[in-house]
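J.: Following this line is structure_17.txt, made up of compact mmCIF, C-alpha atoms:
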# COMPACT_ATOMS: atom_id res chain seq x y z
CA MET A 191 36.75 101.18 209.38
CA GLY A 192 39.08 101.83 212.32
CA PRO A 193 41.46 98.87 212.00
CA PHE A 194 41.71 99.31 208.22
CA LEU A 195 42.46 103.01 208.63
CA ARG A 196 45.04 102.26 211.34
CA ASP A 197 46.85 99.84 209.04
CA HIS A 198 46.74 102.24 206.09
CA CYS A 199 48.20 105.07 208.20
CA SER A 200 50.90 102.81 209.66
CA GLN A 201 51.91 101.56 206.22
CA ALA A 202 52.20 105.18 205.10
CA GLY A 203 54.75 105.74 207.85
CA SER A 204 52.52 107.55 210.35
CA SER A 205 52.41 107.15 214.11
CA VAL A 206 48.84 106.25 215.01
CA LEU A 207 46.68 106.90 218.06
CA GLY A 208 43.35 105.07 217.95
CA LEU A 209 40.46 106.01 220.24
CA ASP A 210 37.32 104.01 220.93
CA ILE A 211 34.64 103.80 223.59
CA SER A 212 35.09 100.04 223.84
CA LYS A 213 37.96 97.61 223.61
CA PRO A 214 38.78 96.49 220.04
CA ARG A 215 37.41 93.07 219.07
CA GLU A 216 40.88 92.15 217.79
CA PRO A 217 44.35 93.06 219.17
CA TRP A 218 45.52 96.59 218.28
CA THR A 219 48.51 95.49 216.23
CA SER A 220 50.19 98.84 215.50
CA GLY A 221 50.26 102.28 217.01
CA VAL A 222 48.71 103.18 220.36
CA PHE A 223 45.16 102.50 221.52
CA GLU A 224 43.36 104.53 224.18
CA HIS A 225 39.93 103.97 225.62
CA CYS A 226 38.04 107.26 225.23
CA ASP A 227 34.42 108.37 225.11
CA VAL A 228 34.29 111.43 222.83
CA ARG A 229 31.57 112.83 225.10
CA ASP A 230 34.21 113.19 227.83
CA TYR A 231 35.70 116.55 226.84
CA ASP A 232 38.49 116.67 229.42
CA HIS A 233 39.82 113.21 228.57
CA PHE A 234 39.45 113.81 224.83
CA ARG A 235 41.29 117.15 225.03
CA ARG A 236 44.10 115.68 227.14
CA LEU A 237 44.76 112.89 224.61
CA ILE A 238 44.82 115.35 221.72
CA SER A 239 47.15 117.65 223.66
CA GLU A 240 49.58 114.81 224.44
CA PHE A 241 49.60 113.19 220.98
CA ARG A 242 49.28 116.44 218.95
CA PRO A 243 48.21 114.81 215.67
CA ASP A 244 48.85 116.34 212.26
CA ARG A 245 45.76 114.57 210.90
CA ILE A 246 42.56 113.46 212.56
CA PHE A 247 40.11 111.03 210.98
CA HIS A 248 36.92 111.56 212.96
CA LEU A 249 34.94 108.31 212.65
CA ALA A 250 33.47 108.16 216.18
CA ALA A 251 29.69 107.78 216.10
CA GLN A 252 26.60 105.88 217.11
CA SER A 253 26.12 104.77 213.54
CA TYR A 254 22.96 102.63 213.44
CA PRO A 255 19.77 104.41 212.28
CA THR A 256 17.52 101.83 213.96
CA VAL A 257 19.37 102.26 217.27
CA SER A 258 18.96 106.02 216.98
CA LEU A 259 15.18 105.62 216.98
CA GLU A 260 15.47 103.89 220.35
CA LYS A 261 18.30 106.05 221.73
CA PRO A 262 18.05 109.50 220.13
CA ARG A 263 19.72 111.36 223.02
CA GLU A 264 22.72 109.04 223.11
CA THR A 265 23.04 109.28 219.33
CA VAL A 266 23.04 113.07 219.27
CA GLU A 267 25.41 113.32 222.23
CA SER A 268 27.93 110.96 220.61
CA ASN A 269 27.73 112.29 217.07
CA LEU A 270 27.14 116.01 217.50
CA CYS A 271 28.52 116.77 220.97
CA GLY A 272 31.50 114.48 220.35
CA THR A 273 32.32 116.51 217.24
CA ILE A 274 32.04 119.77 219.18
CA ASN A 275 34.41 118.34 221.81
CA LEU A 276 36.94 117.51 219.09
CA TYR A 277 36.88 120.98 217.57
CA GLU A 278 36.78 122.76 220.93
CA SER A 279 39.86 120.77 221.95
CA LEU A 280 41.72 121.88 218.84
CA ARG A 281 40.54 125.50 219.20
CA SER A 282 41.48 125.76 222.87
CA LEU A 283 44.90 124.22 222.20
CA GLY A 284 45.56 126.48 219.22
CA MET A 285 46.10 123.42 216.98
CA LYS A 286 45.49 123.32 213.24
CA SER A 287 45.35 119.57 212.71
CA ARG A 288 43.77 118.60 209.41
CA VAL A 289 40.43 116.94 210.20
CA VAL A 290 38.56 114.52 207.93
CA VAL A 291 35.02 114.10 209.26
CA ALA A 292 33.08 110.94 208.41
CA CYS A 293 29.62 112.28 207.59
CA SER A 294 26.81 110.18 206.09
CA SER A 295 24.55 109.71 203.09
CA ALA A 296 21.75 109.43 205.69
CA GLU A 297 21.80 113.22 205.77
CA TYR A 298 19.97 113.29 202.43
CA GLY A 299 17.03 111.08 203.44
CA PHE A 300 14.83 109.88 200.58
CA VAL A 301 16.14 110.87 197.15
CA GLU A 302 13.96 110.70 194.03
CA ALA A 303 15.23 108.55 191.16
CA GLN A 304 15.72 111.58 188.91
CA ASN A 305 18.19 113.03 191.43
CA ILE A 306 20.46 109.96 191.47
CA PRO A 307 23.45 110.02 191.63
CA VAL A 308 22.87 112.48 194.45
CA LYS A 309 24.99 115.62 194.46
CA GLU A 310 26.55 117.31 197.47
CA THR A 311 24.23 120.28 196.85
CA HIS A 312 21.10 118.14 197.29
CA PRO A 313 18.82 119.27 200.17
CA LEU A 314 19.32 117.50 203.49
CA HIS A 315 16.13 115.81 204.75
CA PRO A 316 17.17 113.06 207.21
CA LEU A 317 14.62 110.43 208.21
CA HIS A 318 15.79 109.49 211.73
CA PRO A 319 17.80 110.87 214.68
CA TYR A 320 20.99 109.34 213.28
CA GLY A 321 20.61 111.31 210.05
CA VAL A 322 19.77 114.48 211.99
CA SER A 323 22.85 114.03 214.20
CA LYS A 324 25.07 113.65 211.13
CA VAL A 325 23.64 116.82 209.58
CA GLY A 326 24.53 118.62 212.81
CA GLN A 327 28.01 117.12 212.80
CA ASP A 328 28.48 118.12 209.17
CA LEU A 329 27.43 121.74 209.76
CA ILE A 330 29.42 122.11 212.98
CA ALA A 331 32.56 120.93 211.17
CA SER A 332 31.90 123.46 208.42
CA GLN A 333 31.42 126.25 210.95
CA TYR A 334 34.69 125.55 212.78
CA PHE A 335 36.44 125.80 209.42
CA VAL A 336 34.74 129.11 208.65
CA ASN A 337 34.99 130.63 212.14
CA TYR A 338 38.36 129.30 213.32
CA ALA A 339 40.15 128.18 210.14
CA ILE A 340 40.59 124.62 211.45
CA PRO A 341 41.46 122.64 208.29
CA THR A 342 38.46 120.43 207.62
CA VAL A 343 37.16 118.10 204.91
CA ARG A 344 33.72 116.50 205.22
CA ILE A 345 33.06 113.12 203.59
CA ARG A 346 29.48 111.91 203.23
CA ILE A 347 29.90 108.14 203.21
CA PHE A 348 27.45 105.88 201.39
CA ASN A 349 26.84 102.17 202.09
CA THR A 350 30.11 100.43 202.90
CA THR A 351 30.81 96.84 203.90
CA GLY A 352 33.73 94.49 204.37
CA PRO A 353 35.46 92.22 206.89
CA GLY A 354 34.41 93.00 210.43
CA LYS A 355 31.24 94.91 209.52
CA LEU A 356 28.21 94.21 211.67
CA GLY A 357 24.62 95.32 211.38
CA ASP A 358 24.34 96.13 207.68
CA VAL A 359 22.32 94.32 205.02
CA CYS A 360 25.29 92.41 203.56
CA SER A 361 26.73 91.15 206.84
CA ASP A 362 23.32 90.38 208.36
CA LEU A 363 22.12 88.36 205.37
CA THR A 364 25.46 86.56 205.04
CA LYS A 365 25.54 85.67 208.75
CA ARG A 366 22.01 84.26 208.67
CA ALA A 367 22.74 82.36 205.45
CA VAL A 368 25.86 80.75 206.96
CA GLU A 369 23.79 79.75 210.00
CA LEU A 370 21.37 78.05 207.61
CA GLU A 371 24.25 76.16 206.00
CA LEU A 372 25.51 75.06 209.42
CA GLY A 373 22.06 73.89 210.44
CA ILE A 374 21.79 76.43 213.24
CA ASN A 375 18.49 77.82 211.94
CA GLN A 376 15.62 76.56 209.82
CA ARG A 377 16.05 76.93 206.08
CA TYR A 378 14.27 80.24 205.76
CA LEU A 379 16.22 83.43 205.14
CA LYS A 380 14.37 86.36 206.64
CA VAL A 381 14.59 89.52 204.55
CA GLY A 382 13.05 92.98 204.37
CA ASN A 383 12.29 94.83 201.14
CA LEU A 384 13.87 92.87 198.28
CA THR A 385 13.52 95.74 195.80
CA THR A 386 15.52 98.26 197.85
CA ARG A 387 18.62 99.26 195.90
CA ARG A 388 21.94 100.30 197.39
CA ALA A 389 25.34 101.32 196.07
CA ILE A 390 27.62 99.21 198.26
CA GLY A 391 31.34 99.95 198.49
CA ASP A 392 34.26 98.06 199.99
CA VAL A 393 35.72 99.42 203.23
CA ARG A 394 39.25 99.23 201.81
CA ASP A 395 38.29 101.53 198.94
CA LEU A 396 36.68 103.91 201.43
CA ILE A 397 39.84 104.07 203.53
CA ARG A 398 41.89 104.98 200.46
CA ALA A 399 39.34 107.72 199.73
CA LEU A 400 39.65 109.11 203.27
CA TRP A 401 43.44 109.17 202.99
CA VAL A 402 43.36 110.88 199.60
CA SER A 403 40.84 113.38 201.00
CA ALA A 404 43.28 114.36 203.74
CA GLU A 405 45.99 114.97 201.15
CA ARG A 406 44.20 116.47 198.16
CA ALA A 407 40.64 117.59 198.97
CA GLU A 408 39.80 121.28 199.07
CA LEU A 409 39.60 122.41 202.67
CA GLY A 410 36.14 123.39 203.85
CA GLU A 411 34.42 121.34 201.17
CA VAL A 412 32.10 118.33 201.42
CA TYR A 413 32.38 115.25 199.20
CA ASN A 414 30.18 112.23 198.59
CA VAL A 415 32.07 108.91 198.63
CA GLY A 416 30.34 105.75 197.48
CA ALA A 417 30.39 102.88 195.04
CA ASP A 418 29.35 103.25 191.42
CA ARG A 419 27.53 99.90 191.21
CA ILE A 420 24.02 99.47 192.62
CA TYR A 421 22.56 96.23 193.97
CA SER A 422 19.02 95.32 194.97
CA VAL A 423 18.58 93.25 198.13
CA GLN A 424 17.37 90.44 195.86
CA GLU A 425 20.67 90.53 193.97
CA ILE A 426 22.57 90.36 197.27
CA VAL A 427 20.51 87.32 198.30
CA ASP A 428 21.18 85.68 194.92
CA ALA A 429 24.93 86.28 195.27
CA ILE A 430 24.92 84.72 198.75
CA ARG A 431 22.85 81.76 197.54
CA ALA A 432 25.39 81.06 194.80
CA LYS A 433 28.14 80.67 197.42
CA LEU A 434 26.31 78.20 199.68
CA ASN A 435 25.98 74.44 199.55
CA VAL A 436 22.42 74.46 200.83
CA SER A 437 19.06 75.55 199.45
CA PHE A 438 16.76 77.90 201.37
CA GLU A 439 13.50 79.78 201.06
CA ILE A 440 12.99 83.51 201.54
CA GLU A 441 10.63 84.88 204.16
CA GLN A 442 9.84 88.57 204.40
CA ASP A 443 9.91 89.91 207.95
CA PRO A 444 7.96 93.15 208.61
CA GLN A 445 10.46 94.10 211.34
CA LEU A 446 13.21 94.23 208.71
CA MET A 447 11.31 96.72 206.56
CA ALA A 448 12.41 99.65 208.77
CA VAL A 449 14.53 102.50 207.39
CA ARG A 450 18.24 101.65 207.77
Rewrite the structure from the file as structure tokens, please.

T.:
Amino acid sequence: MGPFLRDHCSQAGSSVLGLDISKPREPWTSGVFEHCDVRDYDHFRRLISEFRPDRIFHLAAQSYPTVSLEKPRETVESNLCGTINLYESLRSLGMKSRVVVACSSAEYGFVEAQNIPVKETHPLHPLHPYGVSKVGQDLIASQYFVNYAIPTVRIRIFNTTGPGKLGDVCSDLTKRAVELELGINQRYLKVGNLTTRRAIGDVRDLIRALWVSAERAELGEVYNVGADRIYSVQEIVDAIRAKLNVSFEIEQDPQLMAVR
């Protein structure tokens, strides 16, 4: 999401400061890039103080549910403590930057079919440390709006994919399918649950939604942002198969049946 958001902000005439814990995979083509771990309060606060942004899009997170099962402490420190560091920086500096916080549909956990499409008022029952950390982030952001009037909008993001995405069902299946076509692997596509259904949006649509949220959303509110079309994993596999010049068989892998 970061590079797409950077480009959108630059095209809108904004000066952009991008922060990340690691070096970008591709050159940072516009604006300024700074290496920053959001868990490092002093560094984070200094950068905010120097740049003094009018808007902040808070996307920083350990965002993989499966990783959070292995690294729950790191996940909570990045997602929850990093958010506290952001708001404490703004509070201590007396700044009223408008903050758009990237929350997650993982906060809801399992949702019964009769409650779909899920509403923002639906109970939050996360299924893994990642989901728990995003609930905490969500509520902390709300509290800093209530307690300190820091302008805040919370966006619960549903499944999103696009160029540069790694580690989601679309990119993983596509990568393995291309490897089959290139002869790198045997002609078996390993999959998890083929009946799982997901609403999958395009990252470029999401970025437009984040930008509009900063301009028009009601401060203090939370909004769900996701696609309106739902795909089963089987449909995703079929769409990939139609694009390839090689046939392959499907093999279900128990390790891929985990909650994601």

J.: Between A:Ala303, A:Val266, A:Leu372, A:Val308, which is the closest to A:Tyr320 once you count all atoms listed in the file?

T.: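 Among the listed residues, the smallest separation from A:Tyr320 belongs to A:Val266.
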
J.: Quick one: everything within 12 Å of A:Glu267, counting only C-alpha atoms, minus sequence neighbours fewer than 4 positions away in the same chain. Send it as number ranges by chain.

T.: A: 227-231, 250-252, 258, 261-263, 271-275, 319-320, 322-324, 326-327

J.: Figure out the distance between atom CA of A:Arg419 and atom CA of A:Leu370, please, to one decimal in Å.

T.: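 These two atoms are separated by 28.0 Å.
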
J.: Select, counting all atoms listed in the file, all protein, DNA and RNA residues no farther than 6 Å from (33.6, 112.1, 200.5) in file coordinates, and express the selection as a ChimeraX atom specification.

T.: /A:345-346,413-415

J.: One number please: atom CA of A:His312 to atom CA of A:Val325, in Å, one decimal.

T.: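 Atom CA of A:His312 sits 12.6 Å away from atom CA of A:Val325.
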
J.: Rounded to one decimal place, report the atom CA of A:Arg366-atom CA of A:Asp210 distance in Å.

T.: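 According to the coordinates, atom CA of A:Arg366 and atom CA of A:Asp210 are separated by 27.8 Å.
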
J.: Of the candidates A:Asn269, A:Val436, A:Phe247, A:Ser403, which shows the shortest atom-to-atom distance to A:Gly373, using all atoms listed in the file?

T.: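 Smallest distance to A:Gly373 is found for A:Val436.
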
J.: Using only C-alpha atoms, can you tell me which of A:Gly354, A:Val368, A:Ser422, A:Ser220 comes closest to A:Asn435?

T.: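 Selected residue with least distance to A:Asn435: A:Val368.
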
J.: Please provide the set of residues having any atom within 12 Å of A:Glu278, restricted to only C-alpha atoms, with same-chain residues fewer than 2 positions apart removed, written as a PyMOL selection string.

T.: chain A and resi 228-229+231-232+234-236+238-239+271-276+280-286+330-331+333-335+337-338+340

J.: My list of candidates is A:Asn375, A:Ser361, A:Thr311, A:Thr351. Which is closest to A:Asp392 when distances are computed with all atoms listed in the file?

T.: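 For A:Asp392, the nearest of the given residues is A:Thr351.
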
J.: Select, from A:Phe438, A:Tyr378, A:Tyr277, A:Tyr421, the residue with the minimum atom-to-atom distance to A:Val359, counting all atoms listed in the file.

T.: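 Looking only at the distances to A:Val359, the closest residue turns out to be A:Tyr421.
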
J.: Show me as a PyMOL selection string the residues that reach within 12 Å of (29.4, 86.4, 198.5), counting all atoms listed in the file and using the file's own coordinates.

T.: chain A and resi 351-353+360-361+363-365+367-368+425-434

J.: Which is closer to A:Tyr298 than all the others in A:Ile347, A:Val393, A:Pro341, A:Leu400, using only C-alpha atoms?

T.: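 Of A:Ile347, A:Val393, A:Pro341, A:Leu400, the one nearest A:Tyr298 is A:Ile347, counting only C-alpha atoms.
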
J.: I'd like a table as JSON lines: residues in stretch 240-272 of chain A with an atom no more than 12 Å from stretch 193-208 of chain A, each row giving the shortest atom pair and its distance in Å to one decimal, only C-alpha atoms counted, sorted by chain and rising residue number.

T.:
{"residue": "A:Glu240", "atom": "CA", "partner": "A:Leu207", "partner_atom": "CA", "distance": 10.6}
{"residue": "A:Phe241", "atom": "CA", "partner": "A:Leu207", "partner_atom": "CA", "distance": 7.5}
{"residue": "A:Arg242", "atom": "CA", "partner": "A:Leu207", "partner_atom": "CA", "distance": 9.9}
{"residue": "A:Pro243", "atom": "CA", "partner": "A:Leu207", "partner_atom": "CA", "distance": 8.4}
{"residue": "A:Asp244", "atom": "CA", "partner": "A:Ser204", "partner_atom": "CA", "distance": 9.7}
{"residue": "A:Arg245", "atom": "CA", "partner": "A:Ser204", "partner_atom": "CA", "distance": 9.8}
{"residue": "A:Ile246", "atom": "CA", "partner": "A:Leu207", "partner_atom": "CA", "distance": 9.5}
{"residue": "A:Phe247", "atom": "CA", "partner": "A:Leu195", "partner_atom": "CA", "distance": 8.7}
{"residue": "A:His248", "atom": "CA", "partner": "A:Gly208", "partner_atom": "CA", "distance": 10.4}
{"residue": "A:Leu249", "atom": "CA", "partner": "A:Leu195", "partner_atom": "CA", "distance": 10.0}
{"residue": "A:Ala250", "atom": "CA", "partner": "A:Gly208", "partner_atom": "CA", "distance": 10.5}
